[in-house]
$ cat protein-v4.csv   # CSV, C-alpha atoms
chain,number,residue,atom,x,y,z
A,1,MET,CA,136.7,251.1,1.2
A,2,THR,CA,137.5,249.3,4.4
A,3,LYS,CA,140.3,246.8,4.8
A,4,GLU,CA,139.9,244.2,7.5
A,5,SER,CA,142.3,241.9,9.1
A,6,ASN,CA,140.8,238.5,10.0
A,7,ASN,CA,143.5,237.2,12.3
A,8,ASN,CA,141.2,236.6,15.2
A,9,THR,CA,139.7,233.6,17.0
A,10,ARG,CA,136.5,235.1,18.3
A,11,LYS,CA,133.2,233.5,17.3
A,12,PHE,CA,130.7,234.9,14.8
A,13,GLU,CA,128.3,236.1,17.4
A,14,THR,CA,131.0,237.8,19.4
A,15,GLU,CA,132.4,239.7,16.4
A,16,ALA,CA,128.9,240.8,15.5
A,17,VAL,CA,128.5,242.5,18.8
A,18,ARG,CA,132.1,243.6,19.6
A,19,THR,CA,133.3,245.0,16.3
A,20,GLN,CA,132.9,248.7,16.8
A,21,THR,CA,134.3,252.1,15.8
A,22,GLU,CA,137.0,253.3,18.2
A,23,ARG,CA,135.4,255.2,21.1
A,24,SER,CA,135.5,259.0,21.1
A,25,GLN,CA,136.6,261.1,24.0
A,26,PHE,CA,133.1,260.7,25.4
A,27,LEU,CA,133.7,256.9,26.0
A,28,GLU,CA,130.3,255.9,24.7
A,29,HIS,CA,129.4,252.2,25.0
A,30,SER,CA,127.1,252.1,21.9
A,31,THR,CA,128.6,253.5,18.8
A,32,PRO,CA,127.3,256.9,17.7
A,33,MET,CA,126.2,257.9,14.2
A,34,TYR,CA,128.6,260.1,12.3
A,35,LEU,CA,126.1,262.1,10.3
A,36,THR,CA,128.5,264.3,8.5
A,37,SER,CA,129.1,264.9,4.8
A,38,SER,CA,132.8,265.8,5.2
A,39,PHE,CA,135.8,265.9,7.5
A,40,VAL,CA,138.3,268.6,8.3
A,41,PHE,CA,142.1,268.7,8.1
A,42,GLU,CA,144.7,269.9,10.5
A,43,ASP,CA,146.6,271.9,8.0
A,44,ALA,CA,147.5,272.2,4.3
A,45,GLU,CA,150.0,269.2,4.4
A,46,ASP,CA,147.4,267.0,6.1
A,47,MET,CA,144.9,267.8,3.4
A,48,ARG,CA,147.3,267.2,0.6
A,49,ALA,CA,148.5,263.9,2.0
A,50,SER,CA,145.0,262.8,2.6
A,51,PHE,CA,143.9,263.4,-1.0
A,52,ALA,CA,147.1,261.8,-2.3
A,53,GLU,CA,146.1,258.7,-0.3
A,54,GLU,CA,149.3,258.8,1.7
A,55,LYS,CA,147.1,258.7,4.8
A,56,ASP,CA,144.3,256.3,5.4
A,57,ARG,CA,141.6,258.6,6.8
A,58,ASN,CA,138.1,259.9,6.2
A,59,ILE,CA,137.8,262.8,3.7
A,60,TYR,CA,134.2,262.8,2.4
A,61,SER,CA,131.3,260.4,3.2
A,62,ARG,CA,130.9,259.5,-0.4
A,63,TYR,CA,134.3,257.8,0.0
A,64,SER,CA,134.2,256.5,3.6
A,65,ASN,CA,132.5,257.3,6.9
A,66,PRO,CA,133.2,255.9,10.4
A,67,THR,CA,129.7,254.5,10.7
A,68,SER,CA,129.8,252.8,7.3
A,69,THR,CA,133.3,251.5,8.2
A,70,GLU,CA,131.9,249.7,11.3
A,71,PHE,CA,129.2,248.0,9.2
A,72,ILE,CA,131.7,247.0,6.5
A,73,ASP,CA,134.2,245.7,9.2
A,74,LYS,CA,131.5,243.4,10.7
A,75,VAL,CA,130.5,241.9,7.3
A,76,CYS,CA,134.2,241.4,6.3
A,77,LYS,CA,134.8,239.5,9.6
A,78,MET,CA,131.6,237.5,9.1
A,79,GLU,CA,132.4,236.5,5.5
A,80,GLY,CA,136.2,236.1,6.0
A,81,ALA,CA,136.9,238.9,3.5
A,82,GLU,CA,139.8,241.3,3.3
A,83,ALA,CA,137.9,244.5,2.3
A,84,GLY,CA,134.5,245.8,1.4
A,85,PHE,CA,132.4,248.8,0.3
A,86,ALA,CA,128.8,249.6,1.4
A,87,PHE,CA,126.2,250.7,-1.2
A,88,ALA,CA,122.8,252.5,-1.1
A,89,SER,CA,121.0,249.3,-2.2
A,90,GLY,CA,121.6,245.7,-3.1
A,91,MET,CA,121.2,246.5,-6.8
A,92,ALA,CA,123.7,249.4,-6.5
A,93,ALA,CA,126.2,246.8,-5.2
A,94,VAL,CA,125.5,244.4,-8.0
A,95,TYR,CA,125.7,247.1,-10.7
A,96,SER,CA,128.8,248.8,-9.3
A,97,THR,CA,130.6,245.5,-8.8
A,98,PHE,CA,130.2,244.4,-12.4
A,99,VAL,CA,130.8,247.7,-14.0
A,100,ALA,CA,134.0,248.3,-12.0
A,101,LEU,CA,135.4,245.0,-13.2
A,102,LEU,CA,134.2,244.7,-16.8
A,103,GLU,CA,135.2,246.3,-20.0
A,104,CYS,CA,133.5,246.4,-23.4
A,105,GLY,CA,133.6,243.0,-25.0
A,106,ASP,CA,133.7,241.1,-21.8
A,107,HIS,CA,131.5,238.1,-21.1
A,108,ILE,CA,129.7,236.8,-18.0
A,109,VAL,CA,128.7,233.3,-17.3
A,110,SER,CA,125.7,233.4,-14.8
A,111,CYS,CA,123.4,231.0,-13.1
A,112,LYS,CA,120.1,231.2,-15.0
A,113,SER,CA,118.1,231.6,-11.8
A,114,VAL,CA,118.9,235.2,-10.7
A,115,PHE,CA,116.9,238.1,-9.2
A,116,GLY,CA,114.7,239.8,-11.9
A,117,SER,CA,116.5,243.1,-11.7
A,118,THR,CA,119.9,241.4,-12.1
A,119,HIS,CA,118.6,239.5,-15.2
A,120,THR,CA,117.4,242.9,-16.7
A,121,LEU,CA,120.8,244.3,-16.1
A,122,PHE,CA,122.4,241.4,-17.9
A,123,THR,CA,120.0,241.3,-20.8
A,124,GLN,CA,118.9,245.0,-21.4
A,125,PHE,CA,121.7,247.3,-20.1
A,126,PHE,CA,125.0,245.5,-20.3
A,127,PRO,CA,124.6,244.7,-24.0
A,128,LYS,CA,124.7,248.5,-24.7
A,129,TRP,CA,128.4,248.3,-23.7
A,130,ASP,CA,129.0,245.0,-25.6
A,131,ILE,CA,129.0,243.0,-22.4
A,132,SER,CA,127.3,239.7,-22.9
A,133,THR,CA,125.9,237.0,-20.6
A,134,SER,CA,125.5,233.3,-21.0
A,135,TYR,CA,123.3,231.4,-18.6
A,136,PHE,CA,123.8,227.9,-17.2
A,137,ASP,CA,121.1,225.8,-15.6
A,138,VAL,CA,121.3,225.3,-11.8
A,139,ASN,CA,121.0,221.5,-12.4
A,140,ASP,CA,123.6,221.3,-15.1
A,141,LEU,CA,126.9,222.6,-13.8
A,142,ASP,CA,128.7,220.2,-16.2
A,143,ALA,CA,127.5,222.5,-19.1
A,144,LEU,CA,129.1,225.6,-17.5
A,145,GLU,CA,132.6,225.1,-18.8
A,146,GLY,CA,131.2,224.9,-22.4
A,147,LEU,CA,129.9,228.5,-22.1
A,148,ILE,CA,133.3,229.9,-21.1
A,149,THR,CA,135.1,231.8,-23.9
A,150,SER,CA,138.3,233.8,-24.3
A,151,LYS,CA,136.2,236.9,-23.4
A,152,THR,CA,134.7,235.4,-20.2
A,153,LYS,CA,135.7,237.3,-17.1
A,154,ILE,CA,133.2,236.5,-14.4
A,155,ILE,CA,131.2,233.5,-13.1
A,156,TYR,CA,128.2,234.7,-11.1
A,157,ALA,CA,125.5,232.9,-9.1
A,158,GLU,CA,123.0,233.1,-6.3
A,159,THR,CA,122.7,230.3,-3.8
A,160,PRO,CA,120.1,229.6,-2.6
A,161,THR,CA,118.5,231.2,-5.7
A,162,ASN,CA,115.7,233.8,-5.8
A,163,PRO,CA,112.9,232.8,-5.7
A,164,GLY,CA,113.1,229.1,-6.5
A,165,VAL,CA,115.4,228.2,-3.5
A,166,ASP,CA,117.7,226.1,-5.7
A,167,VAL,CA,121.1,225.3,-4.3
A,168,LEU,CA,124.4,225.4,-6.3
A,169,ASP,CA,127.6,223.6,-5.3
A,170,LEU,CA,129.9,226.4,-4.4
A,171,GLU,CA,133.0,224.1,-4.4
A,172,VAL,CA,132.4,223.0,-7.9
A,173,LEU,CA,131.9,226.6,-9.1
A,174,GLY,CA,135.0,227.7,-7.3
A,175,ASN,CA,137.1,225.0,-8.9
A,176,ILE,CA,135.9,225.9,-12.4
A,177,ALA,CA,136.6,229.6,-11.8
A,178,LYS,CA,140.1,228.9,-10.5
A,179,LYS,CA,140.8,226.5,-13.4
A,180,HIS,CA,140.0,229.2,-16.0
A,181,GLY,CA,141.3,232.2,-14.1
A,182,LEU,CA,137.9,233.8,-13.7
A,183,ILE,CA,136.4,236.1,-11.0
A,184,PHE,CA,133.9,234.1,-9.0
A,185,ILE,CA,131.1,236.3,-7.5
A,186,ILE,CA,128.3,235.0,-5.3
A,187,ASP,CA,125.1,236.7,-4.2
A,188,ASN,CA,124.8,235.4,-0.6
A,189,CYS,CA,121.7,237.4,0.3
A,190,PHE,CA,119.4,234.4,0.9
A,191,ALA,CA,121.8,232.6,3.2
A,192,SER,CA,123.4,235.6,5.0
A,193,PRO,CA,127.0,235.3,6.2
A,194,TYR,CA,125.8,233.5,9.3
A,195,LEU,CA,124.7,230.5,7.4
A,196,GLN,CA,127.2,230.4,4.5
A,197,GLN,CA,130.6,231.8,3.7
A,198,PRO,CA,131.3,231.3,0.0
A,199,ILE,CA,134.9,232.6,0.3
A,200,LYS,CA,135.7,229.2,2.0
A,201,PHE,CA,134.7,227.5,-1.3
A,202,GLY,CA,136.7,229.7,-3.6
A,203,ALA,CA,134.5,232.8,-4.2
A,204,ASP,CA,136.4,236.1,-4.8
A,205,LEU,CA,133.6,238.5,-4.1
A,206,ILE,CA,130.4,238.3,-2.1
A,207,ILE,CA,127.4,240.6,-2.6
A,208,HIS,CA,124.5,241.2,-0.2
A,209,SER,CA,121.3,243.1,-0.2
A,210,GLY,CA,121.6,244.5,3.4
A,211,THR,CA,117.9,245.3,3.0
A,212,LYS,CA,117.0,241.7,3.7
A,213,LEU,CA,118.2,239.5,6.6
A,214,MET,CA,121.0,241.9,7.6
A,215,ASP,CA,118.5,244.6,8.5
A,216,GLY,CA,115.8,242.1,9.4
A,217,GLN,CA,113.0,244.6,10.1
A,218,GLY,CA,112.2,246.1,6.7
A,219,ARG,CA,113.6,249.6,7.6
A,220,VAL,CA,116.4,250.5,5.3
A,221,LEU,CA,117.8,249.9,1.8
A,222,ALA,CA,121.5,248.8,1.6
A,223,GLY,CA,124.0,246.7,-0.3
A,224,ILE,CA,127.5,245.6,0.3
A,225,THR,CA,130.3,243.8,-1.6
A,226,VAL,CA,133.2,242.2,0.2
A,227,GLY,CA,136.2,240.2,-1.0
A,228,SER,CA,139.9,240.5,-1.8
A,229,HIS,CA,141.9,243.7,-1.5
A,230,GLU,CA,142.8,243.7,-5.2
A,231,LEU,CA,139.3,243.4,-6.5
A,232,MET,CA,137.7,245.6,-3.9
A,233,ASP,CA,140.2,248.4,-4.7
A,234,LYS,CA,138.8,248.5,-8.2
A,235,ILE,CA,135.2,248.6,-7.0
A,236,TYR,CA,136.0,251.3,-4.4
A,237,ARG,CA,137.6,253.6,-7.0
A,238,PHE,CA,134.5,253.2,-9.2
A,239,ALA,CA,132.1,253.8,-6.3
A,240,ARG,CA,134.1,256.8,-5.0
A,241,ILE,CA,133.6,258.6,-8.3
A,242,THR,CA,130.1,257.5,-9.2
A,243,GLY,CA,128.6,258.0,-5.7
A,244,PRO,CA,126.4,255.0,-4.8
A,245,ALA,CA,127.6,255.0,-1.2
A,246,LEU,CA,125.4,253.9,1.8
A,247,SER,CA,124.2,256.7,4.0
A,248,PRO,CA,125.7,256.8,7.5
A,249,PHE,CA,122.2,256.5,9.1
A,250,ASN,CA,121.4,253.3,7.3
A,251,ALA,CA,124.9,252.0,8.1
A,252,TRP,CA,124.2,252.6,11.8
A,253,VAL,CA,120.9,250.8,11.6
A,254,LEU,CA,122.6,247.8,9.9
A,255,SER,CA,125.5,247.6,12.2
A,256,LYS,CA,123.1,247.4,15.2
A,257,SER,CA,121.0,244.8,13.4
A,258,LEU,CA,124.0,242.6,12.8
A,259,GLU,CA,124.4,242.3,16.5
A,260,THR,CA,121.3,240.1,16.5
A,261,LEU,CA,121.7,238.4,13.1
A,262,ALA,CA,122.6,235.0,14.5
A,263,LEU,CA,119.7,234.9,17.0
A,264,ARG,CA,117.2,236.1,14.4
A,265,VAL,CA,118.4,233.8,11.6
A,266,ASP,CA,118.2,230.8,13.9
A,267,ARG,CA,114.6,231.5,14.6
A,268,HIS,CA,113.9,232.3,10.9
A,269,CYS,CA,115.4,228.9,10.0
A,270,SER,CA,113.5,226.8,12.6
A,271,ASN,CA,110.2,228.5,11.6
A,272,ALA,CA,110.9,228.0,7.9
A,273,LEU,CA,111.7,224.3,8.3
A,274,ALA,CA,108.6,223.7,10.3
A,275,LEU,CA,106.5,225.5,7.7
A,276,ALA,CA,108.1,223.6,4.8
A,277,THR,CA,107.5,220.3,6.6
A,278,PHE,CA,103.8,221.2,7.2
A,279,LEU,CA,103.3,222.2,3.5
A,280,GLU,CA,105.0,219.0,2.2
A,281,ASP,CA,102.1,217.0,3.6
A,282,HIS,CA,99.3,219.4,2.6
A,283,PRO,CA,96.8,218.0,0.0
A,284,LYS,CA,96.5,221.4,-1.7
A,285,VAL,CA,100.2,221.9,-2.3
A,286,GLU,CA,101.8,220.5,-5.4
A,287,TRP,CA,105.4,220.7,-4.3
A,288,VAL,CA,107.6,222.4,-1.7
A,289,LYS,CA,111.3,223.5,-1.9
A,290,TYR,CA,113.4,224.3,1.1
A,291,PRO,CA,117.2,223.5,1.2
A,292,PHE,CA,117.0,221.6,4.5
A,293,LEU,CA,114.1,219.4,3.5
A,294,LYS,CA,115.3,215.9,2.6
A,295,SER,CA,113.2,216.1,-0.5
A,296,HIS,CA,115.1,219.0,-1.9
A,297,PRO,CA,117.2,217.8,-4.8
A,298,LYS,CA,120.4,219.4,-3.5
A,299,TYR,CA,119.8,218.6,0.2
A,300,GLU,CA,123.2,217.1,0.7
A,301,ILE,CA,125.0,220.0,-1.0
A,302,ALA,CA,123.0,222.4,1.2
A,303,LYS,CA,124.0,220.5,4.3
A,304,LYS,CA,127.7,220.7,3.2
A,305,GLN,CA,127.9,224.5,2.7
A,306,MET,CA,125.1,225.9,4.9
A,307,LYS,CA,124.5,225.9,8.6
A,308,ALA,CA,120.7,225.9,8.1
A,309,GLY,CA,118.2,226.3,5.3
A,310,GLY,CA,117.4,230.0,5.5
A,311,CYS,CA,114.2,231.9,5.8
A,312,VAL,CA,112.6,231.3,2.3
A,313,VAL,CA,110.2,228.5,1.4
A,314,ALA,CA,108.8,228.1,-2.1
A,315,PHE,CA,105.8,226.1,-3.0
A,316,GLU,CA,103.1,225.6,-5.7
A,317,VAL,CA,99.4,225.8,-4.9
A,318,LYS,CA,97.4,223.2,-6.7
A,319,GLY,CA,94.8,224.6,-9.1
A,320,GLY,CA,96.8,227.0,-11.1
A,321,LEU,CA,96.7,230.7,-11.3
A,322,GLU,CA,93.1,231.1,-10.0
A,323,ALA,CA,93.8,228.9,-6.9
A,324,GLY,CA,97.0,231.0,-6.4
A,325,LYS,CA,95.0,234.2,-6.5
A,326,ARG,CA,92.5,232.9,-4.0
A,327,PHE,CA,95.3,231.9,-1.7
A,328,PHE,CA,96.8,235.4,-1.7
A,329,ASP,CA,93.4,237.1,-1.2
A,330,SER,CA,92.7,234.8,1.7
A,331,ILE,CA,95.9,235.7,3.7
A,332,LYS,CA,95.1,237.5,6.9
A,333,MET,CA,98.2,237.9,9.0
A,334,LEU,CA,101.1,237.5,6.7
A,335,SER,CA,102.1,240.5,4.6
A,336,LEU,CA,101.7,240.7,0.9
A,337,SER,CA,105.0,242.3,-0.1
A,338,ALA,CA,108.1,241.9,-2.3
A,339,ASN,CA,110.6,242.1,0.5
A,340,LEU,CA,112.2,239.2,2.4
A,341,GLY,CA,114.2,238.5,5.5
A,342,ASP,CA,111.9,240.7,7.6
A,343,SER,CA,110.8,239.9,11.2
A,344,ARG,CA,107.3,239.8,9.7
A,345,SER,CA,106.4,236.8,7.5
A,346,ILE,CA,105.8,237.8,3.8
A,347,VAL,CA,104.1,236.0,1.0
A,348,THR,CA,105.0,237.0,-2.6
A,349,HIS,CA,103.9,235.9,-6.1
A,350,PRO,CA,107.1,236.1,-8.0
A,351,ALA,CA,105.5,235.8,-11.5
A,352,SER,CA,103.6,239.1,-11.0
A,353,THR,CA,106.1,240.9,-8.8
A,354,THR,CA,109.9,240.3,-8.4
A,355,HIS,CA,110.2,238.4,-11.7
A,356,SER,CA,107.4,240.1,-13.7
A,357,LYS,CA,109.9,241.6,-16.2
A,358,LEU,CA,110.9,238.1,-17.4
A,359,THR,CA,108.8,236.6,-20.2
A,360,THR,CA,106.7,233.5,-19.4
A,361,GLU,CA,109.3,231.4,-21.2
A,362,GLU,CA,112.1,232.9,-19.1
A,363,ARG,CA,110.2,232.3,-15.9
A,364,LYS,CA,109.6,228.7,-16.8
A,365,ALA,CA,113.2,228.2,-17.7
A,366,VAL,CA,114.2,229.1,-14.1
A,367,GLY,CA,111.4,227.2,-12.4
A,368,ILE,CA,109.0,230.0,-11.7
A,369,SER,CA,105.5,228.8,-12.5
A,370,ASP,CA,102.4,231.0,-12.4
A,371,GLY,CA,101.2,229.4,-9.2
A,372,MET,CA,104.5,229.6,-7.3
A,373,VAL,CA,104.4,231.2,-3.9
A,374,ARG,CA,107.5,232.5,-2.1
A,375,VAL,CA,107.2,232.7,1.7
A,376,SER,CA,109.8,234.7,3.7
A,377,VAL,CA,109.2,233.1,7.1
A,378,GLY,CA,109.4,235.6,9.9
A,379,LEU,CA,109.8,235.6,13.6
A,380,GLU,CA,106.2,235.2,14.7
A,381,HIS,CA,105.2,232.1,16.5
A,382,ILE,CA,105.3,229.2,14.1
A,383,ASP,CA,101.7,228.1,15.1
A,384,ASP,CA,100.3,231.5,14.0
A,385,ILE,CA,102.3,231.4,10.7
A,386,VAL,CA,101.1,227.9,9.9
A,387,GLN,CA,97.5,228.7,10.9
A,388,ASP,CA,97.4,231.7,8.4
A,389,ILE,CA,98.8,229.6,5.6
A,390,GLU,CA,96.5,226.7,6.3
A,391,GLN,CA,93.3,228.8,6.3
A,392,ALA,CA,94.4,230.6,3.1
A,393,LEU,CA,94.9,227.2,1.4
A,394,GLY,CA,91.3,226.4,2.4

$ encode --input "protein-v4.csv" --output "structure tokens"
Amino acid sequence: MTKESNNNTRKFETEAVRTQTERSQFLEHSTPMYLTSSFVFEDAEDMRASFAEEKDRNIYSRYSNPTSTEFIDKVCKMEGAEAGFAFASGMAAVYSTFVALLECGDHIVSCKSVFGSTHTLFTQFFPKWDISTSYFDVNDLDALEGLITSKTKIIYAETPTNPGVDVLDLEVLGNIAKKHGLIFIIDNCFASPYLQQPIKFGADLIIHSGTKLMDGQGRVLAGITVGSHELMDKIYRFARITGPALSPFNAWVLSKSLETLALRVDRHCSNALALATFLEDHPKVEWVKYPFLKSHPKYEIAKKQMKAGGCVVAFEVKGGLEAGKRFFDSIKMLSLSANLGDSRSIVTHPASTTHSKLTTEERKAVGISDGMVRVSVGLEHIDDIVQDIEQALG
């Protein structure tokens, strides 16, 4: 686990570039990779004191590694967090965070619109350990407090949500969590720390899939959780024993990627808004959802807590499932994939991919129709993105 001091006045972009591991005796300008499984000790006393945690130093890369530490430090500074731990994937971060904090009999209150694998975790695996989950609707935060019981420990949400691009009011959620003494956890993957810092609105922990915008080029799997010293210590101790740590190589790739996060996300957002605006006026599109479209039902909330709208646009092709299939089969340049936040634009059919494990009723309940399309808008020229979407719509 890395602990990070946030007593600095440097801007986001500067911290992304200038937060680095201390230089070695070779005085390298670009941080090297520390591809080592373990570290050596000076003598018996050094080894004893290190394992007794009397010294803050690297012991084994399952616990910590200089390259992973640099990545974690950057994310902590970006999110305004005190400490963090990096995981082998986004779902490893989700699972480890919850399991480290929950006990048998505990209860989660979660936004109904969550990633399909997270939903499966809540409904199929956690019940084995008598951990239950109640869902609230993204459009009915007033009902949330009615779900809280004496066993509730965590309030969890994604915003914007996957894949419906719904927006939840972080300030309202933070106030409810504080009122009831609950741990407030936000999946901030769709926004990235460049666009949104949930800790400012009362979140205790932030989870990211580093696989998405943080990497930005579809190269590595990664996850990270950051937050308060107290909660992260519990997560670190669980992860140290169970072994879901991020590899140093992937950490190096991600740390380098974060140097360009702001530049990339600015382009993602401008392209996504332009595509959403185009789709809103298209005769073969039923509806469009994008946080920074004025037609989005939570546009004002999005403007309050986000710098821009993100890279994901959701829309419905008129004509139902068959029209949707024709659209996907007609795509020429954009990729058909389940990833997002990539430099290459991606179109996904959530009902048959990312959320296929949900029943039809469960998908409808979170706004995922059979004809819904999720576009992760990339860094290509916007004219070429629009052209491919337009020809596929026919």

$ residues_near_point --input "protein-v4.csv" --point "(120.7, 226.6, -2.4)" --cutoff "10 Å" --atoms "all atoms listed in the file" --output "PyMOL selection string"
chain A and resi 138+158-162+164-170+188+190-191+289-292+296-299+301-303+305-306+309-310

$ residues_around --input "protein-v4.csv" --residues "stretch 117-131 of chain A" --least-positions-apart "6" --cutoff "9 Å" --atoms "all atoms listed in the file" --output "PyMOL selection string"
chain A and resi 91+94-95+99+102-108+354-355+357-358

$ closest_residue --input "protein-v4.csv" --among "A:Ile382, A:Val226, A:Met372, A:Met333" --to "A:Thr97" --atoms "only C-alpha atoms"
A:Val226

$ atom_distance --input "protein-v4.csv" --atom1 "atom CA of A:Ala222" --atom2 "atom CA of A:Thr9"
28.3 Å

$ atom_distance --input "protein-v4.csv" --atom1 "atom CA of A:Ser376" --atom2 "atom CA of A:Gln196"
17.9 Å

$ closest_residue --input "protein-v4.csv" --among "A:Tyr236, A:Phe184, A:Tyr194, A:Phe115" --to "A:Leu261" --atoms "only C-alpha atoms"
A:Tyr194

$ atom_distance --input "protein-v4.csv" --atom1 "atom CA of A:Met33" --atom2 "atom CA of A:Leu246"
13.1 Å

$ closest_residue --input "protein-v4.csv" --among "A:Lys256, A:Arg57, A:Lys179, A:Arg264" --to "A:Arg344" --atoms "all atoms listed in the file"
A:Arg264

$ closest_residue --input "protein-v4.csv" --among "A:Glu300, A:Asp137, A:Glu380, A:Asp342" --to "A:Val220" --atoms "all atoms listed in the file"
A:Asp342

$ residues_near_point --input "protein-v4.csv" --point "(104.8, 232.5, 4.3)" --cutoff "12 Å" --atoms "all atoms listed in the file" --output "PDB file with C-alpha atoms, in the coordinates of the input"
ATOM      1  CA  HIS A 268     113.900 232.300  10.900  1.00  0.00           C
ATOM      2  CA  ASN A 271     110.200 228.500  11.600  1.00  0.00           C
ATOM      3  CA  ALA A 272     110.900 228.000   7.900  1.00  0.00           C
ATOM      4  CA  LEU A 273     111.700 224.300   8.300  1.00  0.00           C
ATOM      5  CA  ALA A 274     108.600 223.700  10.300  1.00  0.00           C
ATOM      6  CA  LEU A 275     106.500 225.500   7.700  1.00  0.00           C
ATOM      7  CA  ALA A 276     108.100 223.600   4.800  1.00  0.00           C
ATOM      8  CA  PHE A 278     103.800 221.200   7.200  1.00  0.00           C
ATOM      9  CA  LEU A 279     103.300 222.200   3.500  1.00  0.00           C
ATOM     10  CA  CYS A 311     114.200 231.900   5.800  1.00  0.00           C
ATOM     11  CA  VAL A 312     112.600 231.300   2.300  1.00  0.00           C
ATOM     12  CA  VAL A 313     110.200 228.500   1.400  1.00  0.00           C
ATOM     13  CA  ALA A 314     108.800 228.100  -2.100  1.00  0.00           C
ATOM     14  CA  PHE A 315     105.800 226.100  -3.000  1.00  0.00           C
ATOM     15  CA  PHE A 327      95.300 231.900  -1.700  1.00  0.00           C
ATOM     16  CA  PHE A 328      96.800 235.400  -1.700  1.00  0.00           C
ATOM     17  CA  ILE A 331      95.900 235.700   3.700  1.00  0.00           C
ATOM     18  CA  LYS A 332      95.100 237.500   6.900  1.00  0.00           C
ATOM     19  CA  MET A 333      98.200 237.900   9.000  1.00  0.00           C
ATOM     20  CA  LEU A 334     101.100 237.500   6.700  1.00  0.00           C
ATOM     21  CA  SER A 335     102.100 240.500   4.600  1.00  0.00           C
ATOM     22  CA  LEU A 336     101.700 240.700   0.900  1.00  0.00           C
ATOM     23  CA  SER A 337     105.000 242.300  -0.100  1.00  0.00           C
ATOM     24  CA  ALA A 338     108.100 241.900  -2.300  1.00  0.00           C
ATOM     25  CA  ASN A 339     110.600 242.100   0.500  1.00  0.00           C
ATOM     26  CA  LEU A 340     112.200 239.200   2.400  1.00  0.00           C
ATOM     27  CA  GLY A 341     114.200 238.500   5.500  1.00  0.00           C
ATOM     28  CA  ASP A 342     111.900 240.700   7.600  1.00  0.00           C
ATOM     29  CA  SER A 343     110.800 239.900  11.200  1.00  0.00           C
ATOM     30  CA  ARG A 344     107.300 239.800   9.700  1.00  0.00           C
ATOM     31  CA  SER A 345     106.400 236.800   7.500  1.00  0.00           C
ATOM     32  CA  ILE A 346     105.800 237.800   3.800  1.00  0.00           C
ATOM     33  CA  VAL A 347     104.100 236.000   1.000  1.00  0.00           C
ATOM     34  CA  THR A 348     105.000 237.000  -2.600  1.00  0.00           C
ATOM     35  CA  HIS A 349     103.900 235.900  -6.100  1.00  0.00           C
ATOM     36  CA  MET A 372     104.500 229.600  -7.300  1.00  0.00           C
ATOM     37  CA  VAL A 373     104.400 231.200  -3.900  1.00  0.00           C
ATOM     38  CA  ARG A 374     107.500 232.500  -2.100  1.00  0.00           C
ATOM     39  CA  VAL A 375     107.200 232.700   1.700  1.00  0.00           C
ATOM     40  CA  SER A 376     109.800 234.700   3.700  1.00  0.00           C
ATOM     41  CA  VAL A 377     109.200 233.100   7.100  1.00  0.00           C
ATOM     42  CA  GLY A 378     109.400 235.600   9.900  1.00  0.00           C
ATOM     43  CA  LEU A 379     109.800 235.600  13.600  1.00  0.00           C
ATOM     44  CA  GLU A 380     106.200 235.200  14.700  1.00  0.00           C
ATOM     45  CA  ILE A 382     105.300 229.200  14.100  1.00  0.00           C
ATOM     46  CA  ASP A 384     100.300 231.500  14.000  1.00  0.00           C
ATOM     47  CA  ILE A 385     102.300 231.400  10.700  1.00  0.00           C
ATOM     48  CA  VAL A 386     101.100 227.900   9.900  1.00  0.00           C
ATOM     49  CA  GLN A 387      97.500 228.700  10.900  1.00  0.00           C
ATOM     50  CA  ASP A 388      97.400 231.700   8.400  1.00  0.00           C
ATOM     51  CA  ILE A 389      98.800 229.600   5.600  1.00  0.00           C
ATOM     52  CA  GLU A 390      96.500 226.700   6.300  1.00  0.00           C
ATOM     53  CA  ALA A 392      94.400 230.600   3.100  1.00  0.00           C
ATOM     54  CA  LEU A 393      94.900 227.200   1.400  1.00  0.00           C
TER      55      LEU A 393
END

$ closest_residue --input "protein-v4.csv" --among "A:Thr36, A:Gln197, A:Thr2, A:Ser330" --to "A:Phe249" --atoms "all atoms listed in the file"
A:Thr36

$ residues_around --input "protein-v4.csv" --residues "A:Ala88" --least-positions-apart "3" --cutoff "8 Å" --atoms "all atoms listed in the file" --output "ChimeraX atom specification"
/A:92-93,221-223,244-247

$ residues_around --input "protein-v4.csv" --residues "A:Thr14" --least-positions-apart "2" --cutoff "12 Å" --atoms "all atoms listed in the file" --output "list in words"
Asn8, Thr9, Arg10, Lys11, Phe12, Ala16, Val17, Arg18, Thr19, Gln20, Lys74, Lys77, Met78, Leu258, Glu259, Thr260, Leu261, Ala262 and Leu263 of chain A

$ closest_residue --input "protein-v4.csv" --among "A:Ser113, A:Asn250, A:Thr242, A:Asn65" --to "A:Ser96" --atoms "all atoms listed in the file"
A:Thr242

$ residues_around --input "protein-v4.csv" --residues "A:Pro66" --least-positions-apart "3" --cutoff "8 Å" --atoms "all atoms listed in the file" --output "PyMOL selection string"
chain A and resi 21+34+58+69-70
